[in-house]
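What follows is a short report on a single structure.
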Amino acid sequence: MASLIKGTLFEIRAQAPAPSKDYHQLLVTDSEVIWRWWKISLRSEFRNVYPGEQKNSYQDFLDDYTMQVHVGVIFGDEVLKYICNLCQHQFDYLNRIPQGLLMYIVSFLELEDIARLSQTSRKFETEEESADVIMEEVVELCNSDKLWEHITSRYYDNITPDMKTLAFEVGWKEIFFTNKLQLQKKIRRRRKKVEEFEDDMNV
């Protein structure tokens, strides 16, 4: 399955901690780790310094303790840990499934499994910005209106126009977990509000 992973697996950019102003980019492809840096300085001796680049194989990166220290200092220990996992072929396959296909798969899970899946994803913070290094999109998907609309349509024989209108206001997840009696009450209350609004407009 690892052979299906191609291209850039991970990319992050950041400025080095003060007092340095150097800018760094780290890329992990399907075969190597690429480190690029740009020297940022007003000092005359650095005016003609060109951007640098270092390419390492997975194994070379794992053996290069100095480079790992630099990655940890600039991008954070969690990013370093994630990159080391990639270099050991511990890929986050679920995060690389297209969104449409992932939604289709998740919609067939039991409700308890969806709840567990939404709790397993994490989001690491780097010094520059949030870096989605582990399945943040899965959390959003498990709570997305589109997914719960699909799930609701599987459990209800008939999705009425009133249900669709109410779902637009409260969300499909709310519709799904509301029992039918309570749902009918909410629909009637909303219908009454609409009628009262229309009456006020006609006065």
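In the structure tokens, each chain is lettered A, B, ... as it comes, each chain's residues begin at 1, and ligands are numbered from 1 in order of appearance.
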Can you list, as a compact mmCIF listing (two decimals) with N, CA, C and O atoms, in the first residue's frame, every protein, DNA or RNA residue that comes within 6 Å of range 10-16 of chain A when you count only C-alpha atoms, leaving out same-chain residues fewer than 6 positions away?
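Output file selection26.txt is given in full below:
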# COMPACT_ATOMS: atom_id res chain seq x y z
N ASP A 22 16.26 33.87 9.65
CA ASP A 22 16.33 32.99 8.49
C ASP A 22 15.00 32.27 8.27
O ASP A 22 14.28 31.96 9.22
N TYR A 23 14.71 32.04 7.01
CA TYR A 23 13.45 31.39 6.61
C TYR A 23 13.75 29.97 6.15
O TYR A 23 14.74 29.73 5.44
N HIS A 24 12.90 29.03 6.57
CA HIS A 24 13.16 27.61 6.27
C HIS A 24 11.92 26.93 5.68
O HIS A 24 10.79 27.27 6.03
N GLN A 25 12.19 25.98 4.82
CA GLN A 25 11.14 25.15 4.26
C GLN A 25 11.57 23.69 4.37
O GLN A 25 12.73 23.35 4.13
N LEU A 26 10.62 22.84 4.75
CA LEU A 26 10.90 21.41 4.87
C LEU A 26 9.86 20.64 4.07
O LEU A 26 8.65 20.83 4.24
N LEU A 27 10.36 19.80 3.17
CA LEU A 27 9.51 18.96 2.33
C LEU A 27 9.82 17.50 2.57
O LEU A 27 10.99 17.13 2.66
N VAL A 28 8.79 16.68 2.66
CA VAL A 28 8.97 15.24 2.70
C VAL A 28 8.25 14.67 1.48
O VAL A 28 7.04 14.81 1.35
N ILE A 74 13.18 24.56 14.99
CA ILE A 74 12.47 25.49 14.09
C ILE A 74 10.99 25.15 13.95
O ILE A 74 10.13 26.04 13.99
N GLU A 128 4.80 28.81 13.94
CA GLU A 128 4.35 29.76 12.93
C GLU A 128 2.84 29.73 12.79
O GLU A 128 2.18 30.76 12.80
Problem set entry | Residues near Lys21 in chain A, cut-off 9 Å, only C-alpha atoms, skip fewer than 3 positions along chain, as a PyMOL selection string | chain A and resi 15-18+39-41
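In this model, the gap between CA of Ile34 in chain A and CA of Ser57 in chain A comes to 8.8 Å.
Straight-line separation from CA of Leu62 in chain A to CA of Glu78 in chain A: 15.3 Å.
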For this session: Mind checking which residues fall within 6 Å of range 140-154 of chain A, counting only C-alpha atoms, ignoring those fewer than 6 positions away in the same chain, and posting them as a PyMOL selection string?
Result: chain A and resi 118+172-173+176
Exercise. Within 12 Å of Thr29 in chain A, counting only C-alpha atoms, which residues qualify if same-chain residues fewer than 4 places away don't, as a VMD selection string?
Worked result: chain A and resid 5 to 11 33 to 35 55 to 58 83 86 to 87 89 91
What would the file look like if the residues just selected were written as a short mmCIF file (atom, residue, chain, number, x, y, z; two decimals), in the first residue's frame with all heavy atoms?
data_model
loop_
_atom_site.label_atom_id
_atom_site.label_comp_id
_atom_site.auth_asym_id
_atom_site.auth_seq_id
_atom_site.Cartn_x
_atom_site.Cartn_y
_atom_site.Cartn_z
N ILE A 5 1.51 5.87 -2.22
CA ILE A 5 1.84 7.20 -1.73
C ILE A 5 2.88 7.81 -2.65
O ILE A 5 4.01 7.34 -2.74
CB ILE A 5 2.38 7.15 -0.29
CG1 ILE A 5 1.36 6.49 0.64
CG2 ILE A 5 2.74 8.53 0.19
CD1 ILE A 5 0.10 7.29 0.85
N LYS A 6 2.52 8.88 -3.36
CA LYS A 6 3.42 9.50 -4.32
C LYS A 6 3.45 11.01 -4.10
O LYS A 6 2.53 11.60 -3.56
CB LYS A 6 2.97 9.20 -5.76
CG LYS A 6 2.99 7.72 -6.13
CD LYS A 6 4.40 7.16 -6.15
CE LYS A 6 4.41 5.70 -6.58
NZ LYS A 6 5.78 5.13 -6.55
N GLY A 7 4.54 11.64 -4.57
CA GLY A 7 4.63 13.09 -4.53
C GLY A 7 5.00 13.61 -3.15
O GLY A 7 5.67 12.96 -2.36
N THR A 8 4.55 14.84 -2.87
CA THR A 8 4.85 15.50 -1.59
C THR A 8 3.91 14.98 -0.51
O THR A 8 2.70 15.08 -0.62
CB THR A 8 4.69 17.02 -1.73
OG1 THR A 8 5.60 17.50 -2.73
CG2 THR A 8 5.00 17.71 -0.41
N LEU A 9 4.50 14.43 0.56
CA LEU A 9 3.71 13.91 1.67
C LEU A 9 3.49 14.96 2.74
O LEU A 9 2.48 14.93 3.45
CB LEU A 9 4.42 12.71 2.29
CG LEU A 9 4.83 11.57 1.35
CD1 LEU A 9 5.42 10.42 2.14
CD2 LEU A 9 3.66 11.10 0.51
N PHE A 10 4.44 15.88 2.86
CA PHE A 10 4.34 16.88 3.93
C PHE A 10 5.18 18.08 3.56
O PHE A 10 6.25 17.95 2.98
CB PHE A 10 4.81 16.29 5.26
CG PHE A 10 4.75 17.24 6.42
CD1 PHE A 10 3.53 17.60 6.96
CD2 PHE A 10 5.91 17.78 6.95
CE1 PHE A 10 3.47 18.48 8.04
CE2 PHE A 10 5.86 18.66 8.02
CZ PHE A 10 4.62 19.01 8.56
N GLU A 11 4.68 19.27 3.90
CA GLU A 11 5.43 20.50 3.64
C GLU A 11 5.12 21.50 4.75
O GLU A 11 3.98 21.65 5.17
CB GLU A 11 5.04 21.10 2.29
CG GLU A 11 5.75 22.40 1.97
CD GLU A 11 5.37 22.97 0.61
OE1 GLU A 11 4.57 22.32 -0.10
OE2 GLU A 11 5.87 24.06 0.27
N VAL A 33 13.83 13.64 2.16
CA VAL A 33 13.53 14.81 2.98
C VAL A 33 14.35 15.97 2.42
O VAL A 33 15.58 15.86 2.30
CB VAL A 33 13.89 14.57 4.46
CG1 VAL A 33 13.60 15.83 5.29
CG2 VAL A 33 13.11 13.38 5.02
N ILE A 34 13.69 17.07 2.08
CA ILE A 34 14.36 18.21 1.46
C ILE A 34 14.27 19.42 2.39
O ILE A 34 13.19 19.83 2.80
CB ILE A 34 13.71 18.58 0.10
CG1 ILE A 34 13.69 17.35 -0.82
CG2 ILE A 34 14.45 19.74 -0.55
CD1 ILE A 34 12.92 17.57 -2.11
N TRP A 35 15.43 19.95 2.74
CA TRP A 35 15.53 21.12 3.62
C TRP A 35 16.04 22.30 2.79
O TRP A 35 17.06 22.22 2.13
CB TRP A 35 16.50 20.81 4.75
CG TRP A 35 16.73 21.94 5.70
CD1 TRP A 35 17.42 23.09 5.46
CD2 TRP A 35 16.27 22.03 7.04
NE1 TRP A 35 17.43 23.89 6.57
CE2 TRP A 35 16.73 23.27 7.56
CE3 TRP A 35 15.51 21.20 7.86
CZ2 TRP A 35 16.45 23.68 8.85
CZ3 TRP A 35 15.25 21.60 9.15
CH2 TRP A 35 15.71 22.83 9.65
N LYS A 55 19.30 17.60 0.54
CA LYS A 55 18.39 16.47 0.29
C LYS A 55 18.94 15.22 0.97
O LYS A 55 20.11 14.88 0.80
CB LYS A 55 18.23 16.21 -1.21
CG LYS A 55 17.53 17.34 -1.96
CD LYS A 55 17.33 16.98 -3.43
CE LYS A 55 16.57 18.07 -4.17
NZ LYS A 55 16.33 17.73 -5.60
N ASN A 56 18.08 14.57 1.73
CA ASN A 56 18.46 13.34 2.41
C ASN A 56 17.47 12.23 2.09
O ASN A 56 16.27 12.49 1.96
CB ASN A 56 18.47 13.53 3.93
CG ASN A 56 19.67 14.33 4.40
OD1 ASN A 56 20.59 14.61 3.65
ND2 ASN A 56 19.67 14.71 5.67
N SER A 57 17.97 11.02 2.00
CA SER A 57 17.07 9.88 1.93
C SER A 57 16.41 9.72 3.30
O SER A 57 16.83 10.32 4.28
CB SER A 57 17.83 8.61 1.57
OG SER A 57 18.71 8.26 2.64
N TYR A 58 15.38 8.90 3.37
CA TYR A 58 14.72 8.66 4.65
C TYR A 58 15.72 8.18 5.70
O TYR A 58 15.75 8.69 6.82
CB TYR A 58 13.62 7.61 4.48
CG TYR A 58 12.35 8.11 3.85
CD1 TYR A 58 11.29 7.24 3.62
CD2 TYR A 58 12.21 9.44 3.46
CE1 TYR A 58 10.12 7.69 3.05
CE2 TYR A 58 11.03 9.89 2.89
CZ TYR A 58 9.99 9.01 2.68
OH TYR A 58 8.82 9.44 2.12
N ILE A 83 7.63 13.61 11.04
CA ILE A 83 8.52 13.38 9.91
C ILE A 83 9.30 12.07 10.09
O ILE A 83 9.49 11.31 9.13
CB ILE A 83 9.47 14.58 9.73
CG1 ILE A 83 8.67 15.80 9.29
CG2 ILE A 83 10.55 14.26 8.70
CD1 ILE A 83 9.47 17.07 9.24
N LEU A 86 7.09 9.33 9.08
CA LEU A 86 7.02 9.21 7.62
C LEU A 86 8.25 8.50 7.07
O LEU A 86 8.15 7.66 6.17
CB LEU A 86 6.88 10.59 6.98
CG LEU A 86 5.57 11.35 7.18
CD1 LEU A 86 5.64 12.71 6.50
CD2 LEU A 86 4.39 10.54 6.63
N CYS A 87 9.42 8.85 7.62
CA CYS A 87 10.66 8.23 7.15
C CYS A 87 10.73 6.75 7.50
O CYS A 87 11.53 6.01 6.92
CB CYS A 87 11.86 8.96 7.75
SG CYS A 87 12.12 10.64 7.11
N HIS A 89 8.06 4.95 7.11
CA HIS A 89 6.92 4.45 6.31
C HIS A 89 5.66 4.25 7.15
O HIS A 89 4.83 3.40 6.84
CB HIS A 89 7.30 3.15 5.59
CG HIS A 89 8.47 3.31 4.67
ND1 HIS A 89 8.37 3.88 3.43
CD2 HIS A 89 9.79 2.99 4.84
CE1 HIS A 89 9.56 3.91 2.84
NE2 HIS A 89 10.45 3.38 3.69
N PHE A 91 2.73 5.93 7.31
CA PHE A 91 1.97 6.96 6.60
C PHE A 91 0.55 7.07 7.15
O PHE A 91 -0.04 6.07 7.57
CB PHE A 91 1.90 6.65 5.10
CG PHE A 91 3.25 6.52 4.46
CD1 PHE A 91 3.62 5.35 3.81
CD2 PHE A 91 4.16 7.56 4.51
CE1 PHE A 91 4.85 5.23 3.21
CE2 PHE A 91 5.40 7.44 3.91
CZ PHE A 91 5.75 6.27 3.26
#
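For the atom pair formed by CA of Ile187 in chain A and CA of Ser107 in chain A, the distance is 25.5 Å, given to one decimal.
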Problem set entry | For Gly52 in chain A: contacts at 8 Å, only C-alpha atoms, fewer than 3 positions along chain excluded, given as a VMD selection string | chain A and resid 36 to 38
